[in-house]
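> Structure file upload_25.tsv (TSV, C-alpha atoms) is given on the next line.
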chain	number	residue	atom	x	y	z
A	259	MET	CA	-150.91	-5.55	-178.27
A	260	ASN	CA	-148.11	-6.21	-175.84
A	261	ARG	CA	-149.29	-4.60	-172.63
A	262	PRO	CA	-146.12	-4.81	-170.50
A	263	ALA	CA	-144.09	-3.28	-173.30
A	264	GLU	CA	-146.67	-0.54	-173.57
A	265	ALA	CA	-146.67	0.18	-169.86
A	266	ALA	CA	-142.87	0.14	-169.82
A	267	GLU	CA	-142.88	2.47	-172.83
A	268	LEU	CA	-144.99	5.00	-170.96
A	269	ASP	CA	-142.44	4.92	-168.15
A	270	VAL	CA	-139.65	5.54	-170.68
A	271	LEU	CA	-141.55	8.45	-172.21
A	272	LEU	CA	-141.98	9.99	-168.77
A	273	GLY	CA	-138.27	9.55	-168.19
A	274	ARG	CA	-137.54	11.42	-171.40
A	275	VAL	CA	-139.80	14.27	-170.41
A	276	ALA	CA	-138.02	14.45	-167.05
A	277	ALA	CA	-134.49	14.29	-168.43
A	278	HIS	CA	-134.75	16.15	-171.74
A	279	ARG	CA	-138.00	18.10	-171.65
A	280	ASP	CA	-138.86	15.99	-174.68
A	281	LYS	CA	-142.00	17.47	-176.25
A	282	ALA	CA	-142.58	14.63	-178.69
A	283	ALA	CA	-142.58	12.19	-175.76
A	284	PHE	CA	-144.98	14.49	-173.95
A	285	ALA	CA	-147.35	14.56	-176.93
A	286	THR	CA	-147.46	10.74	-176.92
A	287	LEU	CA	-148.21	10.72	-173.18
A	288	PHE	CA	-150.92	13.32	-173.75
A	289	ALA	CA	-152.55	11.21	-176.45
A	290	HIS	CA	-152.57	8.21	-174.15
A	291	PHE	CA	-153.50	9.70	-170.81
A	292	ALA	CA	-155.53	12.87	-171.36
A	293	PRO	CA	-158.58	10.98	-172.75
A	294	ARG	CA	-158.39	8.50	-169.88
A	295	VAL	CA	-158.16	11.24	-167.26
A	296	LYS	CA	-161.11	12.96	-168.91
A	297	ALA	CA	-163.09	9.70	-168.77
A	298	TYR	CA	-162.15	9.33	-165.08
A	299	LEU	CA	-163.38	12.84	-164.27
A	300	LEU	CA	-166.63	12.35	-166.17
A	301	ARG	CA	-167.15	9.09	-164.32
A	302	LEU	CA	-166.87	11.02	-161.06
A	303	GLY	CA	-169.57	13.43	-162.14
A	304	ALA	CA	-167.58	16.34	-163.59
A	305	SER	CA	-169.22	18.34	-166.36
A	306	SER	CA	-167.74	17.93	-169.81
A	307	ALA	CA	-166.15	21.40	-169.63
A	308	VAL	CA	-164.57	20.76	-166.23
A	309	ALA	CA	-163.36	17.29	-167.28
A	310	GLU	CA	-161.81	18.77	-170.41
A	311	GLU	CA	-160.07	21.53	-168.51
A	312	LEU	CA	-158.79	19.33	-165.69
A	313	ALA	CA	-157.58	16.63	-168.08
A	314	GLN	CA	-155.40	19.23	-169.79
A	315	GLU	CA	-154.27	20.56	-166.45
A	316	ALA	CA	-153.38	17.04	-165.26
A	317	LEU	CA	-151.14	16.57	-168.29
A	318	LEU	CA	-149.55	19.95	-167.72
A	319	SER	CA	-148.78	18.71	-164.19
A	320	VAL	CA	-147.13	15.67	-165.74
A	321	TRP	CA	-144.86	18.05	-167.65
A	322	ARG	CA	-144.08	20.04	-164.52
A	323	LYS	CA	-143.62	17.04	-162.20
A	324	ALA	CA	-142.01	14.45	-164.48
A	325	HIS	CA	-138.74	14.68	-162.52
A	326	LEU	CA	-140.59	13.44	-159.42
A	327	PHE	CA	-141.80	10.27	-161.14
A	328	ASP	CA	-140.04	7.22	-159.71
A	329	PRO	CA	-140.54	4.19	-161.97
A	330	GLY	CA	-139.32	1.95	-159.16
A	331	LYS	CA	-142.28	2.93	-157.01
A	332	ALA	CA	-145.24	3.18	-159.33
A	333	SER	CA	-146.16	2.71	-162.94
A	334	ALA	CA	-146.96	5.71	-165.14
A	335	ALA	CA	-150.68	4.85	-164.95
A	336	THR	CA	-150.65	4.74	-161.14
A	337	TRP	CA	-148.78	8.01	-160.99
A	338	LEU	CA	-151.28	9.61	-163.37
A	339	PHE	CA	-154.11	8.28	-161.27
A	340	THR	CA	-152.75	10.02	-158.16
A	341	ILE	CA	-152.23	13.27	-160.08
A	342	ALA	CA	-155.78	13.22	-161.48
A	343	ARG	CA	-157.23	12.26	-158.08
A	344	ASN	CA	-155.46	15.09	-156.26
A	345	LEU	CA	-156.15	17.67	-158.91
A	346	ARG	CA	-159.84	16.85	-158.82
A	347	ILE	CA	-160.04	17.02	-155.01
A	348	ASP	CA	-158.29	20.37	-155.15
A	349	ALA	CA	-160.34	21.85	-158.00
A	350	VAL	CA	-163.78	20.36	-157.39
A	351	ARG	CA	-163.91	19.97	-153.61
A	352	ARG	CA	-161.45	22.71	-152.68
A	353	GLU	CA	-159.74	20.30	-150.32
A	354	LYS	CA	-156.35	18.68	-150.15
A	355	HIS	CA	-155.42	15.05	-150.23
A	356	PRO	CA	-153.07	14.71	-147.23
A	357	GLU	CA	-150.06	12.61	-148.14
A	358	LEU	CA	-146.94	11.27	-146.51
A	359	ASP	CA	-144.08	13.72	-146.42
A	360	PRO	CA	-141.35	12.46	-148.79
A	361	GLU	CA	-138.78	14.03	-146.46
A	362	ASP	CA	-139.78	11.71	-143.62
A	363	PHE	CA	-137.74	8.80	-145.08
A	364	LEU	CA	-140.08	6.09	-143.93
A	365	PRO	CA	-138.83	2.52	-144.23
A	366	GLU	CA	-139.79	0.94	-147.54
A	367	PRO	CA	-142.39	-1.76	-147.31
A	368	GLN	CA	-140.97	-5.10	-148.40
A	369	ALA	CA	-142.89	-5.05	-151.66
A	370	GLU	CA	-139.78	-5.98	-153.59
A	371	ALA	CA	-139.75	-9.39	-151.93
A	372	ASP	CA	-141.14	-10.62	-155.21
A	373	ALA	CA	-138.55	-8.74	-157.23
A	374	ALA	CA	-139.04	-11.12	-160.13
A	375	LEU	CA	-142.23	-9.25	-160.92
A	376	THR	CA	-141.69	-5.88	-162.51
A	377	LEU	CA	-144.28	-3.18	-162.01
A	378	ALA	CA	-145.34	-3.56	-165.63
A	379	GLU	CA	-145.85	-7.32	-165.22
A	380	ASN	CA	-147.66	-6.63	-162.02
A	381	GLU	CA	-150.09	-4.41	-163.83
A	382	VAL	CA	-150.84	-7.04	-166.45
A	383	ARG	CA	-151.53	-9.58	-163.73
A	384	LEU	CA	-153.68	-7.07	-161.89
A	385	ARG	CA	-155.66	-6.32	-165.01
A	386	THR	CA	-156.30	-10.02	-165.56
A	387	ALA	CA	-157.28	-10.50	-161.93
A	388	LEU	CA	-159.71	-7.57	-162.11
A	389	LYS	CA	-161.43	-9.16	-165.10
A	390	GLN	CA	-161.74	-12.44	-163.24
A	391	LEU	CA	-163.41	-10.98	-160.16
A	392	PRO	CA	-167.04	-11.95	-159.63
A	393	VAL	CA	-169.37	-9.21	-160.88
A	394	GLU	CA	-170.55	-8.22	-157.41
A	395	GLN	CA	-166.95	-7.74	-156.28
A	396	ILE	CA	-165.82	-5.68	-159.26
A	397	GLU	CA	-168.93	-3.53	-158.77
A	398	VAL	CA	-167.88	-2.66	-155.23
A	399	VAL	CA	-164.29	-1.97	-156.33
A	400	GLN	CA	-165.46	0.30	-159.15
A	401	LEU	CA	-167.85	2.19	-156.87
A	402	SER	CA	-165.06	2.60	-154.30
A	403	PHE	CA	-162.96	4.42	-156.89
A	404	PHE	CA	-165.56	6.17	-159.02
A	405	ALA	CA	-168.53	6.98	-156.79
A	406	GLU	CA	-166.88	9.17	-154.14
A	407	LYS	CA	-169.29	7.92	-151.52
A	408	PRO	CA	-168.83	6.32	-148.13
A	409	HIS	CA	-169.37	2.59	-148.14
A	410	SER	CA	-172.49	2.99	-146.01
A	411	GLN	CA	-174.07	4.92	-148.86
A	412	ILE	CA	-172.87	2.46	-151.47
A	413	ALA	CA	-174.54	-0.26	-149.40
A	414	GLN	CA	-177.78	1.69	-149.30
A	415	GLU	CA	-177.81	2.22	-153.03
A	416	LEU	CA	-177.07	-1.43	-153.75
A	417	GLY	CA	-179.72	-2.41	-151.21
A	418	ILE	CA	-177.36	-4.66	-149.26
A	419	PRO	CA	-175.96	-4.47	-145.71
A	420	LEU	CA	-172.75	-2.52	-145.11
A	421	GLY	CA	-171.12	-5.71	-143.86
A	422	THR	CA	-171.72	-7.32	-147.26
A	423	VAL	CA	-170.14	-4.39	-149.09
A	424	LYS	CA	-167.13	-4.59	-146.82
A	425	SER	CA	-166.74	-8.34	-147.16
A	426	ARG	CA	-167.00	-8.14	-150.97
A	427	LEU	CA	-164.35	-5.46	-150.95
A	428	ARG	CA	-162.15	-7.49	-148.64
A	429	LEU	CA	-162.45	-10.57	-150.85
A	430	ALA	CA	-161.70	-8.53	-153.96
A	431	MET	CA	-158.68	-6.87	-152.35
A	432	GLY	CA	-157.40	-10.27	-151.22
A	433	ARG	CA	-157.48	-11.60	-154.76
A	434	LEU	CA	-156.00	-8.48	-156.30
A	435	ARG	CA	-153.19	-8.43	-153.74
A	436	GLN	CA	-152.44	-12.02	-154.53
A	437	ALA	CA	-152.24	-11.14	-158.22
A	438	MET	CA	-149.76	-8.39	-157.38
A	439	GLY	CA	-147.56	-10.92	-155.65
A	440	GLY	CA	-148.54	-9.95	-152.13
A	441	ASP	CA	-149.88	-12.21	-149.42
A	442	GLU	CA	-153.51	-13.35	-149.15
B	1446	MET	CA	-130.23	14.41	-141.78
B	1447	ILE	CA	-131.99	11.67	-139.89
B	1448	ALA	CA	-135.60	12.26	-138.98
B	1449	HIS	CA	-136.80	10.64	-135.79
B	1450	HIS	CA	-139.05	7.83	-136.19
B	1451	PRO	CA	-141.89	6.41	-134.31
B	1452	GLN	CA	-140.19	4.42	-131.63
B	1453	ARG	CA	-142.64	1.60	-131.90
B	1454	ASP	CA	-142.05	-1.36	-134.16
B	1455	THR	CA	-144.63	-1.28	-136.91
B	1456	ALA	CA	-145.41	-4.94	-136.23
B	1457	ALA	CA	-146.64	-3.87	-132.79
B	1458	ILE	CA	-149.44	-1.78	-134.23
B	1459	ALA	CA	-152.59	-3.67	-133.40
B	1460	HIS	CA	-155.39	-1.47	-134.71
B	1461	HIS	CA	-155.54	-0.69	-138.43
B	1462	PRO	CA	-158.01	0.87	-140.85
B	1463	ASP	CA	-159.99	-1.82	-142.68
B	1464	ASP	CA	-159.89	-2.16	-146.48
B	1465	ALA	CA	-162.99	0.01	-146.85
B	1466	LEU	CA	-161.42	2.91	-144.96
B	1467	LEU	CA	-158.06	2.52	-146.70
B	1468	VAL	CA	-159.67	2.53	-150.11
B	1469	THR	CA	-161.62	5.70	-149.37
B	1470	TYR	CA	-158.23	7.29	-148.72
B	1471	ALA	CA	-156.47	5.80	-151.76
B	1472	SER	CA	-159.35	6.55	-154.11
B	1473	GLY	CA	-159.75	10.10	-152.84
B	1474	ALA	CA	-163.36	9.53	-151.76
B	1475	ALA	CA	-162.71	10.39	-148.10
B	1476	ASP	CA	-163.06	13.93	-146.80
B	1477	GLU	CA	-159.88	15.78	-145.87
B	1478	ALA	CA	-160.04	15.14	-142.11
B	1479	THR	CA	-160.59	11.40	-142.56
B	1480	SER	CA	-157.80	11.31	-145.14
B	1481	LEU	CA	-155.52	13.12	-142.72
B	1482	ILE	CA	-156.00	10.57	-139.97
B	1483	VAL	CA	-155.52	7.65	-142.38
B	1484	ALA	CA	-152.39	9.27	-143.84
B	1485	THR	CA	-151.02	9.81	-140.34
B	1486	HIS	CA	-151.61	6.15	-139.57
B	1487	LEU	CA	-149.72	5.30	-142.78
B	1488	HIS	CA	-146.78	7.26	-141.43
B	1489	TYR	CA	-146.51	4.74	-138.60
B	1490	CYS	CA	-147.64	1.58	-140.33
B	1491	THR	CA	-145.54	-0.07	-143.05
B	1492	ILE	CA	-148.20	-2.67	-143.81
B	1493	CYS	CA	-151.03	-0.21	-144.40
B	1494	ARG	CA	-148.64	1.97	-146.40
B	1495	MET	CA	-148.02	-0.96	-148.70
B	1496	ARG	CA	-151.74	-1.73	-148.91
B	1497	ALA	CA	-152.62	1.87	-149.76
B	1498	GLY	CA	-149.93	1.74	-152.47
B	1499	GLU	CA	-151.52	-1.40	-153.87
B	1500	MET	CA	-154.88	0.33	-153.91
B	1501	GLU	CA	-153.41	3.22	-155.87
B	1502	THR	CA	-152.07	0.66	-158.34
B	1503	ILE	CA	-155.61	-0.65	-158.65
B	1504	GLY	CA	-156.71	2.94	-159.29
B	1505	GLY	CA	-154.08	3.25	-162.02
B	1506	THR	CA	-155.27	0.03	-163.61
B	1507	LEU	CA	-158.91	1.13	-163.52
B	1508	LEU	CA	-157.84	4.41	-165.13
B	1509	GLU	CA	-156.06	2.50	-167.91
B	1510	GLU	CA	-159.15	0.39	-168.48
B	1511	LEU	CA	-161.58	3.29	-168.87
B	1512	ALA	CA	-162.83	3.88	-172.38
B	1513	PRO	CA	-160.86	6.96	-173.52
B	1514	GLU	CA	-162.97	10.10	-173.88
B	1515	PRO	CA	-161.64	12.21	-176.79
B	1516	LEU	CA	-160.59	15.74	-175.93
B	1517	ALA	CA	-161.74	18.79	-177.84
B	1518	SER	CA	-159.81	19.37	-181.04
B	1519	GLY	CA	-156.94	21.71	-180.34
B	1520	ALA	CA	-156.53	20.47	-176.74
B	1521	LEU	CA	-153.07	19.08	-177.42
B	1522	ASP	CA	-151.92	22.26	-179.19
B	1523	ALA	CA	-153.32	24.41	-176.40
B	1524	THR	CA	-151.39	22.41	-173.82
B	1525	MET	CA	-148.19	22.25	-175.91
B	1526	ALA	CA	-148.31	26.04	-176.19
B	1527	LYS	CA	-148.10	26.29	-172.40
B	1528	LEU	CA	-145.10	24.03	-171.91
B	1529	ASP	CA	-142.46	26.72	-172.24
B	1530	LYS	CA	-144.40	29.07	-170.01
B	1531	VAL	CA	-144.60	26.93	-166.89
B	1532	LEU	CA	-141.84	26.19	-164.41
B	1533	PRO	CA	-140.95	22.71	-163.19
B	1534	TYR	CA	-142.75	21.93	-159.97
B	1535	GLU	CA	-140.68	22.34	-156.82
B	1536	ARG	CA	-141.57	20.51	-153.67
B	1537	PRO	CA	-142.02	22.86	-150.74
B	1538	ARG	CA	-139.02	22.58	-148.43
B	1539	HIS	CA	-139.28	22.73	-144.69
B	1540	MET	CA	-137.20	22.24	-141.56
B	1541	PRO	CA	-137.04	18.65	-140.33
B	1542	SER	CA	-139.20	17.87	-137.31
B	1543	ARG	CA	-137.43	18.08	-133.95
B	1544	ASP	CA	-139.77	15.74	-132.15
B	1545	GLY	CA	-140.71	13.13	-134.74
B	1546	THR	CA	-144.09	14.68	-135.61
B	1547	PRO	CA	-145.29	13.05	-138.85
B	1548	GLY	CA	-144.75	15.47	-141.74
B	1549	VAL	CA	-148.28	14.99	-143.05
B	1550	LEU	CA	-149.61	16.23	-139.70
B	1551	ARG	CA	-147.09	19.07	-139.33
B	1552	ALA	CA	-148.61	20.68	-142.41
B	1553	TYR	CA	-151.82	21.08	-140.37
B	1554	LEU	CA	-150.18	22.08	-137.08
B	1555	GLY	CA	-147.94	24.66	-138.68
B	1556	GLY	CA	-145.00	23.02	-136.90
B	1557	ASP	CA	-144.12	20.37	-134.37
B	1558	LEU	CA	-146.41	18.74	-131.85
B	1559	ARG	CA	-144.31	20.09	-128.99
B	1560	ASP	CA	-144.97	23.68	-130.09
B	1561	VAL	CA	-148.76	23.61	-130.42
B	1562	HIS	CA	-150.88	25.81	-128.20
B	1563	TRP	CA	-153.12	23.64	-126.03
B	1564	ARG	CA	-156.49	24.83	-124.74
B	1565	ARG	CA	-157.84	23.47	-121.47
B	1566	MET	CA	-161.19	21.76	-121.53
B	1567	GLY	CA	-161.47	19.76	-118.33
B	1568	PRO	CA	-159.49	18.14	-115.52
B	1569	GLY	CA	-156.27	16.90	-117.11
B	1570	LEU	CA	-157.66	17.34	-120.61
B	1571	SER	CA	-156.75	19.79	-123.34
B	1572	TYR	CA	-157.28	20.10	-127.07
B	1573	VAL	CA	-156.28	21.92	-130.25
B	1574	PRO	CA	-158.91	22.42	-132.96
B	1575	LEU	CA	-157.36	21.81	-136.39
B	1576	PHE	CA	-160.18	22.26	-138.88
B	1577	ARG	CA	-163.83	21.49	-139.43
B	1578	ARG	CA	-165.60	21.13	-142.73
B	1579	GLY	CA	-169.07	19.88	-143.50
B	1580	GLY	CA	-169.63	18.63	-139.96
B	1581	VAL	CA	-166.35	16.68	-139.91
B	1582	ALA	CA	-163.84	17.97	-137.38
B	1583	ALA	CA	-160.15	17.20	-136.84
B	1584	ARG	CA	-158.52	18.02	-133.51
B	1585	LEU	CA	-155.71	17.06	-131.20
B	1586	LEU	CA	-156.58	15.79	-127.74
B	1587	ARG	CA	-154.25	15.47	-124.77
B	1588	GLY	CA	-154.83	13.79	-121.45
B	1589	VAL	CA	-152.49	13.54	-118.46
B	1590	PRO	CA	-151.98	9.99	-117.16
B	1591	GLY	CA	-155.27	8.73	-115.75
B	1592	ALA	CA	-157.30	11.50	-117.40
B	1593	ASP	CA	-160.84	10.38	-118.10
B	1594	SER	CA	-162.53	11.75	-121.21
B	1595	GLY	CA	-165.94	10.89	-119.77
B	1596	PRO	CA	-168.29	8.21	-121.04
B	1597	HIS	CA	-169.75	9.14	-124.41
B	1598	SER	CA	-171.18	7.76	-127.59
B	1599	HIS	CA	-171.22	9.18	-131.11
B	1600	LYS	CA	-173.75	10.56	-133.52
B	1601	GLY	CA	-171.33	9.85	-136.33
B	1602	LEU	CA	-168.02	8.06	-136.67
B	1603	GLU	CA	-165.12	8.81	-134.37
B	1604	TYR	CA	-161.58	8.02	-135.45
B	1605	THR	CA	-158.76	8.25	-132.92
B	1606	LEU	CA	-155.06	7.86	-133.72
B	1607	VAL	CA	-152.55	7.74	-130.88
B	1608	LEU	CA	-149.50	9.97	-131.41
B	1609	LYS	CA	-147.92	9.69	-127.94
B	1610	GLY	CA	-148.63	7.71	-124.80
B	1611	GLY	CA	-151.71	5.55	-124.88
B	1612	TYR	CA	-155.23	4.97	-123.60
B	1613	THR	CA	-157.53	2.15	-122.70
B	1614	ASP	CA	-161.29	1.68	-123.05
B	1615	VAL	CA	-163.71	-1.25	-123.07
B	1616	THR	CA	-162.46	-2.32	-126.50
B	1617	GLY	CA	-158.77	-2.54	-125.60
B	1618	SER	CA	-155.56	-0.55	-125.31
B	1619	TYR	CA	-154.22	1.86	-127.90
B	1620	ALA	CA	-150.59	2.94	-128.38
B	1621	PRO	CA	-148.77	5.16	-130.93
B	1622	GLY	CA	-149.84	4.37	-134.48
B	1623	ASP	CA	-153.01	2.56	-133.43
B	1624	LEU	CA	-156.20	3.77	-135.11
B	1625	GLN	CA	-159.51	3.24	-133.33
B	1626	VAL	CA	-162.75	3.48	-135.26
B	1627	MET	CA	-165.98	3.94	-133.26
B	1628	GLU	CA	-169.18	3.58	-135.23
B	1629	ALA	CA	-172.22	5.77	-134.62
B	1630	GLY	CA	-173.97	4.75	-131.43
B	1631	GLN	CA	-171.01	2.85	-129.94
B	1632	HIS	CA	-170.28	3.81	-126.36
B	1633	HIS	CA	-166.92	4.03	-124.63
B	1634	ASN	CA	-164.96	5.71	-121.87
B	1635	PRO	CA	-161.31	6.12	-122.82
B	1636	VAL	CA	-158.83	6.75	-119.97
B	1637	ALA	CA	-155.23	7.85	-120.54
B	1638	ASP	CA	-152.67	5.21	-119.58
B	1639	PRO	CA	-150.17	5.82	-116.75
B	1640	GLY	CA	-146.68	7.06	-117.60
B	1641	GLU	CA	-146.73	9.97	-120.04
B	1642	ASP	CA	-149.38	12.28	-121.45
B	1643	CYS	CA	-151.54	10.71	-124.10
B	1644	ILE	CA	-151.80	12.74	-127.30
B	1645	ASN	CA	-154.27	11.74	-130.02
B	1646	LEU	CA	-155.42	12.98	-133.36
B	1647	ALA	CA	-159.22	12.67	-133.42
B	1648	VAL	CA	-161.70	13.03	-136.25
B	1649	THR	CA	-165.45	13.03	-135.71
B	1650	THR	CA	-168.16	13.07	-138.35
B	1651	GLY	CA	-170.90	13.99	-135.89
B	1652	ARG	CA	-171.19	15.43	-132.44
B	1653	LEU	CA	-170.29	13.38	-129.37
B	1654	LYS	CA	-173.01	12.53	-126.88
B	1655	PHE	CA	-171.71	12.71	-123.32
B	1656	ASP	CA	-173.44	10.88	-120.50
B	1657	SER	CA	-172.80	13.51	-117.82
B	1658	LEU	CA	-174.83	16.70	-117.70
B	1659	ILE	CA	-171.83	18.98	-117.17
B	1660	GLN	CA	-170.10	17.58	-120.22
B	1661	LYS	CA	-173.34	17.76	-122.20
B	1662	ILE	CA	-173.40	21.48	-121.51
B	1663	ALA	CA	-169.69	22.06	-121.96
B	1664	ALA	CA	-169.05	19.95	-125.07
B	1665	PRO	CA	-170.55	22.35	-127.62
B	1666	LEU	CA	-168.46	25.18	-126.18
B	1667	PHE	CA	-165.36	23.29	-127.20
B	1668	GLY	CA	-166.78	22.39	-130.56
B	1669	PHE	CA	-167.35	18.72	-129.77
Just give me the structure of the file as structure tokens.


Amino acid sequence: MNRPAEAAELDVLLGRVAAHRDKAAFATLFAHFAPRVKAYLLRLGASSAVAEELAQEALLSVWRKAHLFDPGKASAATWLFTIARNLRIDAVRREKHPELDPEDFLPEPQAEADAALTLAENEVRLRTALKQLPVEQIEVVQLSFFAEKPHSQIAQELGIPLGTVKSRLRLAMGRLRQAMGGDE
Amino acid sequence: MIAHHPQRDTAAIAHHPDDALLVTYASGAADEATSLIVATHLHYCTICRMRAGEMETIGGTLLEELAPEPLASGALDATMAKLDKVLPYERPRHMPSRDGTPGVLRAYLGGDLRDVHWRRMGPGLSYVPLFRRGGVAARLLRGVPGADSGPHSHKGLEYTLVLKGGYTDVTGSYAPGDLQVMEAGQHHNPVADPGEDCINLAVTTGRLKFDSLIQKIAAPLFGF
């Protein structure tokens, strides 16, 4: 399976939903993402009913927000991740996820320095790098995203000092950044 | 329409959230007040903005890698049936800031920094409570030049982000965009730098413990 093509395809499908309200494209996106969003919500402790409902709602948000998707800034998967994350915080915790105001026109970080790497290629490299992380590092990365706990609590549950959790995370982030064409 | 921007070069920001704090923001694990102070730092700091973006990309990749969990039969049809009934999302519009207040913060102030209603709490010191949830409180603090917040330590974490002016304590000096993290039990005595008023966004996850008796008595009255 050609991953970059697939990731790029998802971007194209999103573009079609944005430009033409293309329902067939939406159905393909639904088939791909809804089960992953549901898995994400279950992972974070949602009941099956809540995960089911929010996964559908997340995809409905995709339909409503497709015109805001900017393929130059994030891949479809990353965009979906932020939608699912925010929806869950809103629905489960009754809080908001404060975000930068798009009207503030902040200077773009120089991420495009490595313009040779497309976002899709980036994702493939990232996926490979994630698989190559030592087990104890990937564990800390996974818990950071799926446990919804402060790192002090993660440390307690793993039975290791907080400093060790933080240094594992720092090492992992260093390697993943490198894979994405950043420094360190 | 040009928004003002933090006057300070992003390269001059010396105090950043560490990877652990940034990832609690990017993953959504952090509470709202902590997320607010990280997001406000991101407004000032290009580097951390890029890092948080990279962490979201990691989130997207982890999402892709999860074993798909099939939806109930009929889920697709149920959603398809709603498509023609919902309107495209429209971003809320608002007036541009007149004093460079970060947009993410304006949403919590209900406007610009220069229009907030300050409450006095001590010589040269004032504050604005923003919100408190589950023991975590977000507030604005202002000190005139030389104002002394009084020596204190913390029962929980204390995050301070400078919005205007600056302050100095035993750990160093802090200027706009700088984020200071004080762990539980750490002790300091921040004093506002000379020049202009120092305005900070502060988030605490536990009550402060003041050394002086007067402040010990007064602090709870102000919600500290």

> Residues of chain B that have any atom at most 6 Å from an atom of chain A: could you tabulate them with the shortest-distance atom pair and the distance in Å to one decimal, using only C-alpha atoms, ordered by chain and increasing number, as JSON lines?


{"residue": "B:Ser1472", "atom": "CA", "partner": "A:Phe403", "partner_atom": "CA", "distance": 5.0}
{"residue": "B:Ala1474", "atom": "CA", "partner": "A:Glu406", "partner_atom": "CA", "distance": 4.3}
{"residue": "B:Leu1481", "atom": "CA", "partner": "A:Pro356", "partner_atom": "CA", "distance": 5.4}
{"residue": "B:Ala1484", "atom": "CA", "partner": "A:Glu357", "partner_atom": "CA", "distance": 5.9}
{"residue": "B:Thr1491", "atom": "CA", "partner": "A:Pro367", "partner_atom": "CA", "distance": 5.6}
{"residue": "B:Met1495", "atom": "CA", "partner": "A:Pro367", "partner_atom": "CA", "distance": 5.9}
{"residue": "B:Thr1502", "atom": "CA", "partner": "A:Thr336", "partner_atom": "CA", "distance": 5.1}
{"residue": "B:Gly1505", "atom": "CA", "partner": "A:Thr336", "partner_atom": "CA", "distance": 3.8}
{"residue": "B:Pro1513", "atom": "CA", "partner": "A:Arg294", "partner_atom": "CA", "distance": 4.7}
{"residue": "B:Glu1514", "atom": "CA", "partner": "A:Pro293", "partner_atom": "CA", "distance": 4.6}
{"residue": "B:Pro1515", "atom": "CA", "partner": "A:Pro293", "partner_atom": "CA", "distance": 5.2}
{"residue": "B:Pro1533", "atom": "CA", "partner": "A:Arg322", "partner_atom": "CA", "distance": 4.3}
{"residue": "B:Tyr1534", "atom": "CA", "partner": "A:Arg322", "partner_atom": "CA", "distance": 5.1}
{"residue": "B:Gly1548", "atom": "CA", "partner": "A:Asp359", "partner_atom": "CA", "distance": 5.0}
{"residue": "B:Val1549", "atom": "CA", "partner": "A:Leu358", "partner_atom": "CA", "distance": 5.3}

> Pick out the closest residue to Thr386 (chain A) from this set: A:Ala437, A:Leu312, A:Leu302, A:Leu271. Count all atoms listed in the file.

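Among A:Ala437, A:Leu312, A:Leu302, A:Leu271, it is A:Ala437 that comes nearest to Thr386 (chain A).
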
> What is the CA of Arg1587 (chain B) to CA of Gly1611 (chain B) distance in Å?

10.2 Å

> Any idea what the distance is between CA of His1562 (chain B) and CA of Val1607 (chain B)?

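About the pair CA of His1562 (chain B) and CA of Val1607 (chain B): they are 18.3 Å apart.
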
> From the set B:Lys1527, B:Lys1661, B:Lys1609, B:His1599, which residue has the shortest atom-to-atom contact distance to Thr1546 (chain B), counting all atoms listed in the file?

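Selected residue with least distance to Thr1546 (chain B): B:Lys1609.
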
> Would you work out the distance separating CA of Thr1613 (chain B) from CA of Val1561 (chain B), expressed in Å to one decimal?

24.4 Å

> Can you find the residues with an atom no farther than 8 Å from (-163.7, 10.7, -142.5), counting all atoms listed in the file, and report them as a list in words?

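Checking each residue against the 8 Å limit leaves Ala1475, Asp1476, Glu1477, Ala1478, Thr1479, Ser1480, Val1581, Leu1602, Tyr1604, Val1648, Thr1649 and Thr1650 of chain B.
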
> Determine, counting all atoms listed in the file, which protein, DNA and RNA residues have an atom within 12 Å of an atom of Ile1659 (chain B); residues of the same chain fewer than 3 positions away are not included. Present the result as JSON, numbers by chain.

{"B": [1566, 1567, 1595, 1596, 1654, 1655, 1656, 1662, 1663, 1664, 1665, 1666]}

> Limited to C-alpha atoms, could you put the picked residues into a file as a PDB file, keeping the file's coordinate frame?


ATOM      1  CA  MET B1566    -161.190  21.760-121.530  1.00  0.00           C
ATOM      2  CA  GLY B1567    -161.470  19.760-118.330  1.00  0.00           C
ATOM      3  CA  GLY B1595    -165.940  10.890-119.770  1.00  0.00           C
ATOM      4  CA  PRO B1596    -168.290   8.210-121.040  1.00  0.00           C
ATOM      5  CA  LYS B1654    -173.010  12.530-126.880  1.00  0.00           C
ATOM      6  CA  PHE B1655    -171.710  12.710-123.320  1.00  0.00           C
ATOM      7  CA  ASP B1656    -173.440  10.880-120.500  1.00  0.00           C
ATOM      8  CA  ILE B1662    -173.400  21.480-121.510  1.00  0.00           C
ATOM      9  CA  ALA B1663    -169.690  22.060-121.960  1.00  0.00           C
ATOM     10  CA  ALA B1664    -169.050  19.950-125.070  1.00  0.00           C
ATOM     11  CA  PRO B1665    -170.550  22.350-127.620  1.00  0.00           C
ATOM     12  CA  LEU B1666    -168.460  25.180-126.180  1.00  0.00           C
TER      13      LEU B1666
END

> Taking all atoms listed in the file into account, name the residue in B:Val1636, B:Ala1552, B:Ala1582, B:Met1540 that is nearest to Gly1651 (chain B).

B:Ala1582

> Need the shell around Val270 (chain A): protein/DNA/RNA residues with any atom at most 9 Å away, counting all atoms listed in the file. Skip same-chain ones fewer than 4 positions apart. Format as a count of residues only?

6

> Neighbouring residues of region 1618-1635 of chain B were defined as those with any atom within 8 Å, considering only C-alpha atoms; residues of the same chain fewer than 3 positions away were excluded. Please report them as a PyMOL selection string.

chain B and resi 1451+1453+1458-1462+1486+1489-1490+1593-1615
